[in-house]
>>> print(open('my_file-v6.cif').read())   # mmCIF, C-alpha atoms
data_my_file
#
loop_
_atom_site.group_PDB
_atom_site.id
_atom_site.type_symbol
_atom_site.label_atom_id
_atom_site.label_comp_id
_atom_site.auth_asym_id
_atom_site.auth_seq_id
_atom_site.Cartn_x
_atom_site.Cartn_y
_atom_site.Cartn_z
ATOM 1 C CA MET A 1 104.036 297.812 -11.146
ATOM 2 C CA VAL A 2 102.995 297.027 -7.575
ATOM 3 C CA ILE A 3 106.202 298.422 -6.085
ATOM 4 C CA LEU A 4 106.383 301.542 -8.274
ATOM 5 C CA VAL A 5 102.795 302.577 -7.692
ATOM 6 C CA GLY A 6 103.130 301.606 -4.011
ATOM 7 C CA ALA A 7 106.162 303.874 -3.630
ATOM 8 C CA ALA A 8 104.218 306.779 -5.105
ATOM 9 C CA GLY A 9 101.316 305.866 -2.822
ATOM 10 C CA THR A 10 103.491 306.098 0.294
ATOM 11 C CA VAL A 11 104.287 309.702 -0.547
ATOM 12 C CA LEU A 12 100.716 310.673 -1.423
ATOM 13 C CA LEU A 13 99.133 308.896 1.549
ATOM 14 C CA GLY A 14 101.800 310.234 3.913
ATOM 15 C CA VAL A 15 101.067 313.795 2.820
ATOM 16 C CA MET A 16 97.323 313.176 3.181
ATOM 17 C CA ALA A 17 97.787 311.786 6.700
ATOM 18 C CA GLU A 18 100.011 314.698 7.706
ATOM 19 C CA ARG A 19 97.574 317.311 6.426
ATOM 20 C CA THR A 20 94.349 315.729 7.696
ATOM 21 C CA GLY A 21 95.559 314.011 10.872
ATOM 22 C CA LYS A 22 93.220 311.107 10.015
ATOM 23 C CA ILE A 23 95.817 308.345 9.930
ATOM 24 C CA VAL A 24 93.543 305.555 11.208
ATOM 25 C CA GLU A 25 90.763 306.486 8.803
ATOM 26 C CA ILE A 26 93.196 306.590 5.871
ATOM 27 C CA THR A 27 94.552 303.135 6.754
ATOM 28 C CA LYS A 28 91.018 301.737 6.957
ATOM 29 C CA LEU A 29 90.099 303.307 3.620
ATOM 30 C CA CYS A 30 93.229 301.795 2.071
ATOM 31 C CA CYS A 31 92.347 298.396 3.527
ATOM 32 C CA PHE A 32 88.962 298.656 1.847
ATOM 33 C CA GLY A 33 90.641 299.593 -1.443
ATOM 34 C CA ALA A 34 93.105 296.731 -1.068
ATOM 35 C CA ILE A 35 90.392 294.127 -0.526
ATOM 36 C CA VAL A 36 88.478 295.416 -3.564
ATOM 37 C CA CYS A 37 91.688 295.015 -5.595
ATOM 38 C CA VAL A 38 92.295 291.530 -4.187
ATOM 39 C CA LEU A 39 88.750 290.506 -5.103
ATOM 40 C CA ALA A 40 89.193 291.924 -8.617
ATOM 41 C CA MET A 41 92.534 290.178 -9.052
ATOM 42 C CA SER A 42 91.112 286.917 -7.711
ATOM 43 C CA TYR A 43 88.563 287.031 -10.487
ATOM 44 C CA LEU A 44 90.979 288.202 -13.181
ATOM 45 C CA LEU A 45 93.609 285.576 -12.358
ATOM 46 C CA LEU A 46 91.095 282.876 -13.233
ATOM 47 C CA LEU A 47 90.625 284.245 -16.759
ATOM 48 C CA PRO A 48 92.952 283.820 -19.735
ATOM 49 C CA ASP A 49 94.264 286.747 -21.788
ATOM 50 C CA VAL A 50 93.487 289.592 -19.349
ATOM 51 C CA GLY A 51 97.080 290.615 -18.644
ATOM 52 C CA VAL A 52 96.450 294.338 -19.064
ATOM 53 C CA TYR A 53 93.606 294.273 -16.526
ATOM 54 C CA ILE A 54 95.725 292.287 -14.095
ATOM 55 C CA LEU A 55 98.488 294.882 -14.467
ATOM 56 C CA ILE A 56 96.054 297.744 -13.789
ATOM 57 C CA SER A 57 94.604 295.919 -10.805
ATOM 58 C CA ALA A 58 98.128 295.236 -9.519
ATOM 59 C CA GLY A 59 98.899 298.944 -9.732
ATOM 60 C CA PHE A 60 95.874 299.821 -7.623
ATOM 61 C CA LEU A 61 96.736 297.018 -5.190
ATOM 62 C CA GLY A 62 100.248 298.439 -4.883
ATOM 63 C CA PHE A 63 98.852 301.880 -4.134
ATOM 64 C CA PHE A 64 96.487 300.650 -1.431
ATOM 65 C CA ALA A 65 98.550 297.827 0.094
ATOM 66 C CA ILE A 66 102.149 299.050 -0.133
ATOM 67 C CA GLY A 67 101.298 302.748 -0.064
ATOM 68 C CA VAL A 68 99.639 302.418 3.325
ATOM 69 C CA PHE A 69 102.390 300.308 4.904
ATOM 70 C CA PRO A 70 104.323 303.174 6.578
ATOM 71 C CA LEU A 71 101.065 304.591 7.931
ATOM 72 C CA ALA A 72 100.049 301.176 9.248
ATOM 73 C CA LEU A 73 103.363 300.885 11.090
ATOM 74 C CA GLU A 74 102.779 304.344 12.549
ATOM 75 C CA VAL A 75 99.278 303.363 13.699
ATOM 76 C CA ALA A 76 100.699 300.245 15.363
ATOM 77 C CA VAL A 77 103.311 302.307 17.202
ATOM 78 C CA GLU A 78 100.690 304.885 18.208
ATOM 79 C CA ALA A 79 98.294 302.199 19.478
ATOM 80 C CA THR A 80 100.943 300.403 21.557
ATOM 81 C CA PHE A 81 102.641 303.470 23.067
ATOM 82 C CA PRO A 82 104.594 303.512 25.462
ATOM 83 C CA ALA A 83 105.987 300.207 24.142
ATOM 84 C CA ASP A 84 109.235 300.666 22.233
ATOM 85 C CA GLN A 85 108.594 301.149 18.516
ATOM 86 C CA ALA A 86 111.373 298.722 17.565
ATOM 87 C CA THR A 87 109.691 295.984 19.613
ATOM 88 C CA VAL A 88 106.298 296.690 18.055
ATOM 89 C CA THR A 89 107.759 296.663 14.542
ATOM 90 C CA CYS A 90 109.610 293.426 15.332
ATOM 91 C CA PHE A 91 106.360 291.734 16.348
ATOM 92 C CA ILE A 92 104.677 292.947 13.162
ATOM 93 C CA PHE A 93 107.436 291.459 11.000
ATOM 94 C CA PHE A 94 107.401 288.257 13.080
ATOM 95 C CA SER A 95 103.643 287.950 12.568
ATOM 96 C CA SER A 96 104.134 288.500 8.848
ATOM 97 C CA SER A 97 106.751 285.734 8.698
ATOM 98 C CA VAL A 98 104.568 283.270 10.613
ATOM 99 C CA GLN A 99 101.603 284.028 8.348
ATOM 100 C CA GLY A 100 103.830 283.629 5.277
ATOM 101 C CA VAL A 101 104.913 280.159 6.393
ATOM 102 C CA PHE A 102 101.297 279.254 7.170
ATOM 103 C CA LEU A 103 100.172 280.410 3.716
ATOM 104 C CA MET A 104 102.978 278.475 1.985
ATOM 105 C CA VAL A 105 101.922 275.281 3.759
ATOM 106 C CA VAL A 106 98.292 275.874 2.807
ATOM 107 C CA GLU A 107 99.392 276.564 -0.778
ATOM 108 C CA ASN A 108 100.908 273.082 -0.997
ATOM 109 C CA TRP A 109 97.762 271.516 0.422
ATOM 110 C CA LEU A 110 95.391 273.376 -1.889
ATOM 111 C CA GLY A 111 97.343 273.028 -5.144
ATOM 112 C CA TYR A 112 95.892 270.371 -7.419
ATOM 113 C CA PRO A 113 97.004 268.940 -10.767
ATOM 114 C CA LEU A 114 96.090 271.190 -13.656
ATOM 115 C CA PRO A 115 92.882 270.095 -15.442
ATOM 116 C CA ASP A 116 93.347 268.935 -19.022
ATOM 117 C CA LYS A 117 91.291 271.833 -20.417
ATOM 118 C CA TYR A 118 94.028 274.281 -19.296
ATOM 119 C CA LYS A 119 97.080 272.339 -20.446
ATOM 120 C CA ASP A 120 97.154 274.079 -23.829
ATOM 121 C CA ILE A 121 97.062 277.611 -22.435
ATOM 122 C CA GLU A 122 99.348 277.316 -19.393
ATOM 123 C CA LYS A 123 102.724 279.033 -19.647
ATOM 124 C CA CYS A 124 104.751 277.254 -16.936
ATOM 125 C CA THR A 125 105.934 274.168 -18.746
ATOM 126 C CA LEU A 126 109.031 274.530 -20.905
ATOM 127 C CA LYS A 127 108.298 273.361 -24.431
ATOM 128 C CA GLY A 128 110.299 272.862 -27.586
ATOM 129 C CA GLU A 129 113.762 274.451 -27.701
ATOM 130 C CA ASP A 130 113.418 275.884 -24.186
ATOM 131 C CA ALA A 131 112.959 272.373 -22.757
ATOM 132 C CA VAL A 132 116.029 271.086 -24.639
ATOM 133 C CA GLU A 133 118.162 274.015 -23.411
ATOM 134 C CA ALA A 134 117.066 273.384 -19.823
ATOM 135 C CA GLY A 135 118.181 269.757 -20.042
ATOM 136 C CA GLY A 136 114.825 268.189 -20.784
ATOM 137 C CA GLY A 137 112.333 266.989 -18.229
ATOM 138 C CA GLU A 138 109.762 269.044 -16.413
ATOM 139 C CA HIS A 139 111.355 271.532 -14.040
ATOM 140 C CA LEU A 140 108.146 273.325 -13.311
ATOM 141 C CA VAL A 141 104.904 271.398 -13.109
ATOM 142 C CA PRO A 142 101.798 273.542 -13.571
ATOM 143 C CA ARG A 143 99.177 273.214 -10.868
ATOM 144 C CA ASP A 144 95.698 274.543 -10.281
ATOM 145 C CA TYR A 145 95.761 276.989 -7.377
ATOM 146 C CA THR A 146 92.143 278.149 -7.657
ATOM 147 C CA TYR A 147 91.229 276.900 -4.180
ATOM 148 C CA TYR A 148 94.332 278.492 -2.702
ATOM 149 C CA LEU A 149 93.488 281.786 -4.405
ATOM 150 C CA LEU A 150 89.999 281.661 -2.901
ATOM 151 C CA PHE A 151 91.430 280.762 0.523
ATOM 152 C CA VAL A 152 93.852 283.716 0.481
ATOM 153 C CA THR A 153 91.081 286.058 -0.639
ATOM 154 C CA VAL A 154 88.802 284.990 2.215
ATOM 155 C CA TYR A 155 91.726 285.073 4.676
ATOM 156 C CA LEU A 156 92.586 288.659 3.703
ATOM 157 C CA LEU A 157 88.932 289.670 3.707
ATOM 158 C CA VAL A 158 88.470 288.398 7.276
ATOM 159 C CA LEU A 159 91.643 290.134 8.532
ATOM 160 C CA ILE A 160 90.710 293.427 6.888
ATOM 161 C CA LEU A 161 87.119 293.310 8.146
ATOM 162 C CA ILE A 162 88.366 292.679 11.683
ATOM 163 C CA TYR A 163 90.667 295.687 11.388
ATOM 164 C CA MET A 164 88.059 297.943 9.799
ATOM 165 C CA PHE A 165 85.233 297.229 12.234
ATOM 166 C CA PHE A 166 86.902 296.246 15.507
ATOM 167 C CA PHE A 167 90.133 298.254 15.690
ATOM 168 C CA LYS A 168 89.647 301.414 17.699
ATOM 169 C CA THR A 169 92.486 303.320 19.303
ATOM 170 C CA GLU A 170 93.613 306.657 20.529
ATOM 171 C CA LEU A 171 96.836 307.996 19.088
ATOM 172 C CA ARG A 172 98.610 307.622 22.436
ATOM 173 C CA ARG A 173 102.055 308.765 21.360
ATOM 174 C CA THR A 174 100.659 311.872 19.673
ATOM 175 C CA LEU A 175 98.526 312.661 22.730
ATOM 176 C CA ALA A 176 101.558 312.250 25.011
ATOM 177 C CA GLY A 177 103.608 314.515 22.732
ATOM 178 C CA ASN A 178 100.879 317.169 22.684
ATOM 179 C CA LEU A 179 100.572 316.989 26.477
ATOM 180 C CA THR A 180 104.345 317.409 26.847
ATOM 181 C CA LYS A 181 104.272 320.437 24.518
ATOM 182 C CA ALA A 182 101.387 321.983 26.457
ATOM 183 C CA VAL A 183 103.175 321.490 29.801
ATOM 184 C CA THR A 184 106.455 322.815 28.413
ATOM 185 C CA THR A 185 104.768 325.836 26.853
ATOM 186 C CA ALA A 186 102.785 326.624 30.037
ATOM 187 C CA ALA A 187 105.870 326.447 32.279
ATOM 188 C CA PRO A 188 107.414 329.863 33.078
#
>>> encode(input="my_file-v6.cif", output="structure tokens")
Amino acid sequence: MVILVGAAGTVLLGVMAERTGKIVEITKLCCFGAIVCVLAMSYLLLLPDVGVYILISAGFLGFFAIGVFPLALEVAVEATFPADQATVTCFIFFSSSVQGVFLMVVENWLGYPLPDKYKDIEKCTLKGEDAVEAGGGEHLVPRDYTYYLLFVTVYLLVLILIYMFFFKTELRRTLAGNLTKAVTTAAP
């Protein structure tokens, strides 16, 4: 759901950015939408039997988070011009990898044994015939990741707020391109 709606979002948001020329504003609006979706999902993931709402929320998250990704890369390239766009993109992916490792380490620290009140409703443990087919034993031990979920939500909220309120840039590459066109057009 996230990927399908996100793919449609890339097209829609790309067309909007092309027509309005407001690429930074669109990315900030999408960041706001993404954090609202993350907050909604953080709440929904703590409740049992709300799968449909989680799916709907995931669709909106896909639209705002994945749909804006190409525009966000474009904003990064625009803001760092005249740096090579491959270098800028490389640093973005490197940052993403470092943050992913950091979040996986934090996940292991903040995962706790599942409280007894949830043992009857959890779906991770293989039971009955499935456990026999898998060779017995517990291959997947359910854990309580509530604190990790809250940590990731706050982490994303802080990053998005920093971007929304403190990121200001000129579209340097576009300005340079427009200047080149003006000089070329004015030349005899």
>>> resolve_selection(input="my_file-v6.cif", expression="the PyMOL selection byres ((chain A and resi 66) around 12)", output="ChimeraX atom specification")
/A:1-14,27,30-31,33-34,58-65,67-73
>>> closest_atom_pairs(input="my_file-v6.cif", of="region 21-134 of chain A", to="region 150-160 of chain A", cutoff="7 Å", atoms="all atoms listed in the file", output="Markdown table")
| residue | atom | partner | partner_atom | distance |
| --- | --- | --- | --- | --- |
| A:Cys31 | CA | A:Ile160 | CA | 6.2 |
| A:Ile35 | CA | A:Leu157 | CA | 6.3 |
| A:Val38 | CA | A:Thr153 | CA | 6.6 |
| A:Leu39 | CA | A:Thr153 | CA | 6.7 |
>>> closest_residue(input="my_file-v6.cif", among="A:Ile121, A:Leu149, A:Met41, A:Cys90", to="Leu103 (chain A)", atoms="all atoms listed in the file")
A:Leu149
>>> closest_residue(input="my_file-v6.cif", among="A:Ile56, A:Tyr145, A:Pro48, A:Glu122", to="Met104 (chain A)", atoms="only C-alpha atoms")
A:Tyr145
>>> resolve_selection(input="my_file-v6.cif", expression="the PyMOL selection byres ((chain A and resi 170) around 8)", output="JSON, numbers by chain")
{"A": [78, 79, 168, 169, 171, 172]}
>>> write_last_selection(input="my_file-v6.cif", atoms="C-alpha atoms", output="PDB file, in the coordinates of the input")
ATOM      1  CA  GLU A  78     100.690 304.885  18.208  1.00  0.00           C
ATOM      2  CA  ALA A  79      98.294 302.199  19.478  1.00  0.00           C
ATOM      3  CA  LYS A 168      89.647 301.414  17.699  1.00  0.00           C
ATOM      4  CA  THR A 169      92.486 303.320  19.303  1.00  0.00           C
ATOM      5  CA  LEU A 171      96.836 307.996  19.088  1.00  0.00           C
ATOM      6  CA  ARG A 172      98.610 307.622  22.436  1.00  0.00           C
TER       7      ARG A 172
END
>>> resolve_selection(input="my_file-v6.cif", expression="the PyMOL selection byres ((chain A and resi 173) around 12)", output="number ranges by chain")
A: 74-85, 169-172, 174-180
>>> axis_aligned_box(input="my_file-v6.cif", around="region 109-112 of chain A", padding_each_side="3 Å", output="JSON")
{"center_x": 96.6, "center_y": 271.9, "center_z": -3.5, "size_x": 8.4, "size_y": 9.0, "size_z": 13.8}
>>> residues_around(input="my_file-v6.cif", residues="region 109-114 of chain A", least_positions_apart="5", cutoff="6 Å", atoms="only C-alpha atoms", output="number ranges by chain")
A: 143-145, 147-148
>>> closest_residue(input="my_file-v6.cif", among="A:Lys28, A:Val101, A:Val36, A:Glu18", to="Phe165 (chain A)", atoms="all atoms listed in the file")
A:Lys28
>>> closest_residue(input="my_file-v6.cif", among="A:Val105, A:Lys117, A:Thr87, A:Thr146", to="Leu45 (chain A)", atoms="all atoms listed in the file")
A:Thr146
>>> atom_distance(input="my_file-v6.cif", atom1="CA of Val50 (chain A)", atom2="CA of Cys37 (chain A)")
14.9 Å
>>> atom_distance(input="my_file-v6.cif", atom1="CA of Ala40 (chain A)", atom2="CA of Tyr53 (chain A)")
9.4 Å
>>> atom_distance(input="my_file-v6.cif", atom1="CA of Pro115 (chain A)", atom2="CA of Val141 (chain A)")
12.3 Å
